[in-house]
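Below is model_8.tsv, which holds TSV, C-alpha atoms.
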```tsv
chain	number	residue	atom	x	y	z
A	25	MET	CA	201.12	152.74	-129.13
A	26	ALA	CA	199.18	155.24	-127.06
A	27	ARG	CA	195.46	154.93	-126.47
A	28	LEU	CA	192.95	157.55	-127.62
A	29	ALA	CA	190.25	158.75	-125.21
A	30	ILE	CA	187.57	161.04	-126.60
A	31	ASN	CA	186.10	163.86	-124.51
A	32	VAL	CA	182.46	164.42	-125.49
A	33	ASP	CA	181.88	167.57	-123.42
A	34	HIS	CA	181.41	169.76	-126.49
A	35	VAL	CA	178.58	167.59	-127.77
A	36	ALA	CA	176.80	168.49	-124.55
A	37	THR	CA	177.77	172.15	-125.03
A	38	VAL	CA	175.80	172.25	-128.30
A	39	ARG	CA	172.84	170.54	-126.63
A	40	GLN	CA	172.81	172.90	-123.66
A	41	ALA	CA	172.97	175.96	-125.93
A	42	ARG	CA	169.32	175.23	-126.71
A	43	LEU	CA	168.49	173.33	-123.51
A	44	ALA	CA	167.42	170.55	-125.85
A	45	SER	CA	167.78	166.77	-125.85
A	46	GLU	CA	170.08	166.64	-128.89
A	47	PRO	CA	172.85	166.06	-129.69
A	48	ASP	CA	173.28	163.45	-127.01
A	49	PRO	CA	176.83	162.97	-125.65
A	50	VAL	CA	175.89	159.42	-124.70
A	51	THR	CA	175.23	158.59	-128.35
A	52	ALA	CA	178.42	160.37	-129.38
A	53	ALA	CA	180.40	158.31	-126.88
A	54	ALA	CA	179.00	155.06	-128.23
A	55	MET	CA	179.83	156.08	-131.80
A	56	ALA	CA	183.35	157.09	-130.76
A	57	GLU	CA	183.90	153.67	-129.19
A	58	LEU	CA	182.61	151.93	-132.31
A	59	ALA	CA	185.11	153.98	-134.33
A	60	GLY	CA	187.94	152.69	-132.16
A	61	ALA	CA	188.28	155.10	-129.23
A	62	GLN	CA	189.71	153.31	-126.21
A	63	GLY	CA	188.17	155.59	-123.60
A	64	ILE	CA	185.51	158.23	-122.97
A	65	VAL	CA	186.12	161.39	-120.96
A	66	VAL	CA	183.55	163.80	-119.49
A	67	HIS	CA	183.96	166.77	-117.16
A	68	LEU	CA	181.06	167.13	-114.74
A	69	ARG	CA	181.41	170.77	-113.70
A	70	GLU	CA	179.97	172.37	-110.59
A	71	ASP	CA	177.77	174.66	-112.71
A	72	ARG	CA	176.68	171.78	-115.02
A	73	ARG	CA	177.32	173.99	-118.05
A	74	HIS	CA	177.55	171.02	-120.43
A	75	ILE	CA	177.69	167.46	-119.08
A	76	GLN	CA	174.76	166.66	-116.78
A	77	ASP	CA	174.44	164.07	-114.01
A	78	ARG	CA	172.09	162.12	-116.24
A	79	ASP	CA	174.81	161.85	-118.89
A	80	VAL	CA	177.37	160.35	-116.52
A	81	GLU	CA	174.84	157.97	-115.01
A	82	ILE	CA	173.96	156.56	-118.44
A	83	LEU	CA	177.57	156.53	-119.61
A	84	ARG	CA	178.55	154.50	-116.55
A	85	ARG	CA	176.13	151.81	-117.73
A	86	THR	CA	176.94	151.98	-121.44
A	87	VAL	CA	180.65	152.76	-121.92
A	88	LYS	CA	182.41	149.55	-122.94
A	89	THR	CA	185.99	150.80	-122.72
A	90	ASN	CA	187.07	153.14	-119.93
A	91	LEU	CA	185.09	156.01	-118.40
A	92	ASN	CA	187.20	158.87	-117.08
A	93	LEU	CA	185.35	161.47	-115.01
A	94	GLU	CA	187.09	164.86	-114.84
A	95	MET	CA	186.11	166.79	-111.75
A	96	ALA	CA	187.11	169.34	-109.16
A	97	ALA	CA	188.20	167.94	-105.80
A	98	THR	CA	185.16	169.23	-103.94
A	99	PRO	CA	183.13	167.26	-101.37
A	100	GLU	CA	180.08	167.25	-103.66
A	101	MET	CA	182.02	165.87	-106.61
A	102	VAL	CA	183.86	163.30	-104.52
A	103	GLN	CA	180.55	161.89	-103.29
A	104	THR	CA	179.13	161.98	-106.83
A	105	ALA	CA	182.10	160.03	-108.17
A	106	LEU	CA	181.92	157.46	-105.38
A	107	ARG	CA	178.26	156.93	-106.24
A	108	LEU	CA	178.79	156.69	-110.01
A	109	GLN	CA	181.97	154.59	-109.84
A	110	PRO	CA	183.76	155.64	-113.05
A	111	ASP	CA	186.84	153.65	-114.00
A	112	MET	CA	188.97	156.69	-113.24
A	113	VAL	CA	188.66	160.23	-111.97
A	114	THR	CA	190.91	163.04	-113.16
A	115	LEU	CA	191.19	165.89	-110.68
A	116	VAL	CA	191.34	169.27	-112.39
A	117	PRO	CA	191.22	172.93	-111.34
A	118	GLU	CA	187.91	174.60	-112.02
A	119	LYS	CA	186.76	178.22	-112.32
A	120	ARG	CA	183.27	179.24	-113.34
A	121	GLN	CA	184.42	182.09	-115.58
A	122	GLU	CA	186.83	180.01	-117.69
A	123	LEU	CA	185.84	178.76	-121.13
A	124	THR	CA	187.83	175.58	-120.61
A	125	THR	CA	190.35	174.37	-118.05
A	126	GLU	CA	193.13	176.95	-118.21
A	127	GLY	CA	196.02	175.14	-116.54
A	128	GLY	CA	197.10	172.27	-114.41
A	129	LEU	CA	196.07	171.62	-110.83
A	130	ASP	CA	198.60	172.98	-108.33
A	131	VAL	CA	199.07	169.75	-106.41
A	132	THR	CA	201.99	171.19	-104.44
A	133	LEU	CA	199.83	173.98	-103.04
A	134	TYR	CA	196.94	171.65	-102.21
A	135	GLU	CA	198.95	168.56	-101.29
A	136	GLU	CA	197.43	168.00	-97.85
A	137	ALA	CA	193.83	168.35	-99.01
A	138	LEU	CA	194.43	166.17	-102.07
A	139	LYS	CA	195.98	163.43	-99.96
A	140	ASP	CA	192.64	162.82	-98.25
A	141	VAL	CA	190.77	162.87	-101.57
A	142	LEU	CA	193.11	160.32	-103.15
A	143	GLU	CA	192.86	158.05	-100.13
A	144	THR	CA	189.07	158.23	-100.33
A	145	PHE	CA	189.02	157.26	-104.00
A	146	HIS	CA	191.52	154.46	-103.58
A	147	LYS	CA	189.48	153.02	-100.73
A	148	GLY	CA	186.48	153.24	-103.07
A	149	GLY	CA	188.31	151.29	-105.77
A	150	ILE	CA	188.65	154.20	-108.21
A	151	ALA	CA	191.91	155.02	-109.98
A	152	VAL	CA	193.04	158.66	-109.83
A	153	SER	CA	194.80	160.90	-112.32
A	154	LEU	CA	196.03	164.42	-111.58
A	155	PHE	CA	195.88	166.99	-114.38
A	156	ILE	CA	199.10	168.96	-113.93
A	157	ASP	CA	201.48	171.23	-115.80
A	158	PRO	CA	204.73	169.71	-117.12
A	159	ASP	CA	206.62	170.85	-114.03
A	160	PRO	CA	209.02	168.47	-112.21
A	161	LYS	CA	207.97	169.88	-108.83
A	162	GLN	CA	204.31	169.07	-109.54
A	163	ILE	CA	205.19	165.58	-110.76
A	164	LYS	CA	207.25	164.80	-107.67
A	165	THR	CA	204.35	165.94	-105.47
A	166	ALA	CA	201.96	163.78	-107.49
A	167	HIS	CA	204.26	160.84	-106.82
A	168	ARG	CA	204.22	161.56	-103.07
A	169	LEU	CA	200.44	161.62	-103.21
A	170	GLU	CA	200.54	158.09	-104.67
A	171	THR	CA	198.34	158.96	-107.61
A	172	ASP	CA	197.93	156.27	-110.25
A	173	TYR	CA	198.37	158.58	-113.23
A	174	ILE	CA	199.18	162.11	-114.19
A	175	GLU	CA	197.72	163.87	-117.22
A	176	ILE	CA	200.20	166.40	-118.58
A	177	HIS	CA	198.56	169.70	-119.46
A	178	THR	CA	199.69	170.32	-123.05
A	179	GLY	CA	197.98	173.69	-123.44
A	180	SER	CA	201.14	175.81	-123.50
A	181	PHE	CA	202.62	173.52	-126.14
A	182	ALA	CA	199.47	173.60	-128.25
A	183	GLU	CA	199.09	177.38	-128.04
A	184	ALA	CA	202.73	178.23	-128.85
A	185	LYS	CA	202.88	180.82	-131.65
A	186	THR	CA	206.43	180.25	-132.88
A	187	PHE	CA	208.42	177.14	-133.72
A	188	GLN	CA	211.02	177.99	-131.09
A	189	ARG	CA	208.39	178.40	-128.39
A	190	ARG	CA	206.67	175.17	-129.40
A	191	GLN	CA	209.99	173.33	-129.27
A	192	GLU	CA	210.61	174.66	-125.76
A	193	GLU	CA	207.17	173.58	-124.57
A	194	TYR	CA	207.55	170.22	-126.28
A	195	ASP	CA	210.82	169.67	-124.44
A	196	ARG	CA	209.03	170.43	-121.15
A	197	VAL	CA	206.40	167.81	-121.96
A	198	VAL	CA	209.08	165.25	-122.84
A	199	THR	CA	210.98	165.90	-119.61
A	200	ALA	CA	207.79	165.66	-117.57
A	201	ALA	CA	206.69	162.42	-119.22
A	202	LYS	CA	210.08	160.80	-118.70
A	203	LEU	CA	210.22	161.83	-115.04
A	204	ALA	CA	206.71	160.61	-114.31
A	205	HIS	CA	207.39	157.31	-116.03
A	206	LYS	CA	210.65	156.91	-114.09
A	207	LEU	CA	208.72	157.45	-110.84
A	208	GLY	CA	206.29	154.70	-111.80
A	209	LEU	CA	203.31	156.88	-112.69
A	210	GLY	CA	201.04	156.25	-115.65
A	211	VAL	CA	201.29	159.13	-118.13
A	212	HIS	CA	198.41	160.68	-120.04
A	213	ALA	CA	198.38	163.97	-121.96
A	214	GLY	CA	195.73	166.38	-123.12
A	215	HIS	CA	194.46	169.90	-123.76
A	216	GLY	CA	194.69	171.57	-127.14
A	217	VAL	CA	195.86	168.41	-128.89
A	218	ASP	CA	194.71	168.47	-132.53
A	219	TYR	CA	195.26	166.85	-135.92
A	220	GLN	CA	198.43	168.86	-136.52
A	221	ASN	CA	200.32	168.87	-133.23
A	222	ILE	CA	199.61	165.22	-132.41
A	223	VAL	CA	202.45	164.31	-134.79
A	224	TRP	CA	204.85	165.87	-132.26
A	225	LEU	CA	203.36	164.32	-129.16
A	226	ARG	CA	202.88	160.81	-130.49
A	227	ASN	CA	206.66	160.41	-130.54
A	228	ILE	CA	206.84	160.60	-126.73
A	229	SER	CA	206.85	156.90	-125.90
A	230	GLU	CA	206.08	157.43	-122.21
A	231	ILE	CA	202.61	158.84	-122.98
A	232	GLU	CA	200.13	156.00	-122.66
A	233	GLU	CA	196.95	157.87	-123.54
A	234	PHE	CA	195.83	161.08	-125.21
A	235	SER	CA	192.63	162.77	-124.06
A	236	ILE	CA	191.24	164.76	-126.99
A	237	GLY	CA	187.93	166.57	-127.18
A	238	HIS	CA	187.51	169.86	-129.01
A	239	ALA	CA	189.53	169.02	-132.12
A	240	VAL	CA	187.73	165.73	-132.73
A	241	ILE	CA	184.24	167.08	-132.02
A	242	ALA	CA	184.90	170.12	-134.22
A	243	ARG	CA	186.00	167.80	-137.03
A	244	ALA	CA	182.99	165.59	-136.42
A	245	VAL	CA	180.64	168.52	-137.11
A	246	LEU	CA	181.97	168.50	-140.68
A	247	VAL	CA	182.68	164.84	-141.43
A	248	GLY	CA	180.91	162.82	-138.73
A	249	ILE	CA	182.22	161.36	-135.51
A	250	ASP	CA	183.18	157.99	-136.98
A	251	ARG	CA	185.55	159.52	-139.52
A	252	ALA	CA	186.86	162.14	-137.10
A	253	VAL	CA	187.82	159.50	-134.53
A	254	ARG	CA	189.33	157.15	-137.11
A	255	GLU	CA	191.45	159.96	-138.57
A	256	MET	CA	192.78	160.87	-135.15
A	257	LEU	CA	193.47	157.22	-134.31
A	258	ALA	CA	195.49	156.89	-137.49
A	259	LEU	CA	197.59	159.89	-136.48
A	260	VAL	CA	198.07	158.69	-132.90
A	261	ASN	CA	199.23	155.32	-134.24
A	262	GLY	CA	201.62	156.98	-136.68
```
Any chance you could give the structure as structure tokens?
Amino acid sequence: MARLAINVDHVATVRQARLASEPDPVTAAAMAELAGAQGIVVHLREDRRHIQDRDVEILRRTVKTNLNLEMAATPEMVQTALRLQPDMVTLVPEKRQELTTEGGLDVTLYEEALKDVLETFHKGGIAVSLFIDPDPKQIKTAHRLETDYIEIHTGSFAEAKTFQRRQEEYDRVVTAAKLAHKLGLGVHAGHGVDYQNIVWLRNISEIEEFSIGHAVIARAVLVGIDRAVREMLALVNG
């Protein structure tokens, strides 16, 4: 069965809307773990629009499962990650004007630069995941880079408007997961995964972990984080 990692960025989004101290993503992370989440994910962005350095520093000391730090592959963020020592970093593309990450990282285009970043993290004892589109070319490049994991960007699947289009995007995810697994990479998946479409994705046996944020936090606003996480866990486990 796949693991469930909860992204608590949107808890921080609500807090930062008022520049207040609540709700605290650190508390949300602890409650998610108590409800059964097997990992916590946060994206420390360059503009610090939601998660703050303080959040990651405390989470590093308090997360009992696995702390995954999403980040751009910039010198500042590399040094920050080396200092904080999360269990894993996930390298993602980042644009200030986007509402959320809009697509996978083009590891083929940036292969040479990423090679140095991955070597730095591996020397520092930190596992690396690359957030990429379900594209065989990207997966093969990720393998050359000797990444530990890939996270398949499931946004196009999640946003498909017709059954035919969703089936096509689902097939792309399946093909990508199988290829990555065959090449010896760990396989994660995330972006746009919710309480409805998870019933498709959970059938892909190669996916080891789902990273889910918005859907669970949105549900938690109505029913509480404990119930929201437990409901998603039940769906992930089939």
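Proximity to region 46-59 of chain A at 6 Å, evaluated using all atoms listed in the file and with sequence-adjacent residues fewer than 3 positions away removed, yields Val32, Val35, Ala36, Arg39, Asp250 and Arg254 of chain A.
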- [ ] For region 197-202 of chain A, please output as a VMD selection string all residues within 7 Å (counting only C-alpha atoms; exclusion window: fewer than 5 positions along the same chain).
- [x] chain A and resid 158 to 160 211 228 230 to 231
- [ ] Would you kindly return, as an MDAnalysis selection string, each protein, DNA or RNA residue with an atom no farther than 9 Å from any atom of region 177-191 of chain A, considering only C-alpha atoms and excluding same-chain residues fewer than 4 positions away?
- [x] chainID A and resid 126:128 155:158 195:197 213:218 221
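Shortest atom-to-atom contact with Glu170 (chain A) among A:Gly148, A:Gly210, A:Leu91, A:Arg72: A:Gly210, counting all atoms listed in the file.
Restricting the calculation to all atoms listed in the file, the smallest distance between Val253 (chain A) and any of A:Tyr219, A:Asn227, A:Ile163, A:His212 is found for A:Tyr219.
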Keeping C-alpha atoms, write region 155-248 of chain A of the structure just shown out as a compact mmCIF listing (two decimals), in the first residue's frame.
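This went into result-v9.txt:
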```txt
# COMPACT_ATOMS: atom_id res chain seq x y z
CA PHE A 155 9.10 16.64 -9.41
CA ILE A 156 8.62 15.89 -13.10
CA ASP A 157 5.91 15.43 -15.70
CA PRO A 158 5.00 11.86 -16.73
CA ASP A 159 7.36 12.01 -19.69
CA PRO A 160 9.73 9.10 -20.46
CA LYS A 161 12.47 11.52 -21.56
CA GLN A 162 12.33 13.32 -18.20
CA ILE A 163 12.36 10.03 -16.30
CA LYS A 164 15.38 8.73 -18.18
CA THR A 165 17.22 11.98 -17.44
CA ALA A 166 16.26 11.70 -13.77
CA HIS A 167 17.77 8.22 -13.78
CA ARG A 168 21.02 9.54 -15.29
CA LEU A 169 21.12 12.16 -12.55
CA GLU A 170 20.99 9.32 -9.99
CA THR A 171 18.08 10.81 -8.10
CA ASP A 172 16.59 8.67 -5.34
CA TYR A 173 12.97 9.34 -6.25
CA ILE A 174 10.78 11.03 -8.78
CA GLU A 175 7.43 12.61 -7.96
CA ILE A 176 5.10 12.37 -10.94
CA HIS A 177 3.22 15.60 -11.58
CA THR A 178 -0.42 14.49 -11.76
CA GLY A 179 -1.86 17.92 -12.52
CA SER A 180 -2.87 17.21 -16.12
CA PHE A 181 -4.63 14.03 -14.99
CA ALA A 182 -6.42 15.81 -12.15
CA GLU A 183 -7.52 18.74 -14.31
CA ALA A 184 -8.82 16.66 -17.25
CA LYS A 185 -12.36 17.76 -18.17
CA THR A 186 -13.54 14.66 -20.03
CA PHE A 187 -13.36 10.96 -19.27
CA GLN A 188 -11.38 10.32 -22.45
CA ARG A 189 -8.82 12.98 -21.58
CA ARG A 190 -8.51 11.70 -18.02
CA GLN A 191 -7.97 8.18 -19.30
CA GLU A 192 -5.20 9.42 -21.60
CA GLU A 193 -3.48 11.29 -18.77
CA TYR A 194 -3.92 8.33 -16.44
CA ASP A 195 -2.22 6.09 -18.99
CA ARG A 196 0.70 8.55 -19.12
CA VAL A 197 1.04 8.37 -15.34
CA VAL A 198 0.93 4.56 -15.42
CA THR A 199 3.60 4.39 -18.14
CA ALA A 200 5.81 6.85 -16.26
CA ALA A 201 5.47 5.00 -12.96
CA LYS A 202 6.31 1.66 -14.54
CA LEU A 203 9.35 3.06 -16.35
CA ALA A 204 10.69 4.78 -13.26
CA HIS A 205 10.21 1.65 -11.18
CA LYS A 206 11.94 -0.45 -13.84
CA LEU A 207 14.91 1.94 -13.72
CA GLY A 208 15.14 1.50 -9.96
CA LEU A 209 13.74 4.87 -8.92
CA GLY A 210 11.35 5.36 -6.03
CA VAL A 211 8.01 6.67 -7.30
CA HIS A 212 5.87 9.31 -5.64
CA ALA A 213 2.92 11.21 -7.14
CA GLY A 214 1.17 14.46 -6.39
CA HIS A 215 -0.59 17.64 -7.50
CA GLY A 216 -4.34 17.92 -7.74
CA VAL A 217 -4.95 14.55 -6.10
CA ASP A 218 -8.29 14.61 -4.26
CA TYR A 219 -10.92 12.39 -2.66
CA GLN A 220 -12.40 11.47 -6.04
CA ASN A 221 -9.46 10.88 -8.37
CA ILE A 222 -7.36 9.00 -5.80
CA VAL A 223 -9.45 5.92 -6.60
CA TRP A 224 -7.79 5.89 -10.03
CA LEU A 225 -4.25 6.50 -8.89
CA ARG A 226 -4.23 4.10 -5.95
CA ASN A 227 -4.39 1.22 -8.42
CA ILE A 228 -0.91 2.04 -9.76
CA SER A 229 1.16 -0.36 -7.68
CA GLU A 230 4.48 1.33 -8.53
CA ILE A 231 3.49 4.52 -6.68
CA GLU A 232 4.96 4.32 -3.20
CA GLU A 233 3.69 7.62 -1.81
CA PHE A 234 1.07 10.26 -2.54
CA SER A 235 1.76 13.88 -1.62
CA ILE A 236 -1.58 15.60 -1.01
CA GLY A 237 -2.18 19.09 0.30
CA HIS A 238 -5.02 21.27 -0.94
CA ALA A 239 -7.76 18.63 -0.97
CA VAL A 240 -7.05 17.46 2.56
CA ILE A 241 -6.63 20.94 4.04
CA ALA A 242 -9.80 22.13 2.29
CA ARG A 243 -11.68 19.17 3.76
CA ALA A 244 -10.13 19.83 7.15
CA VAL A 245 -11.65 23.33 7.20
CA LEU A 246 -15.07 21.65 7.29
CA VAL A 247 -14.52 18.46 9.28
CA GLY A 248 -11.18 18.85 11.06
```
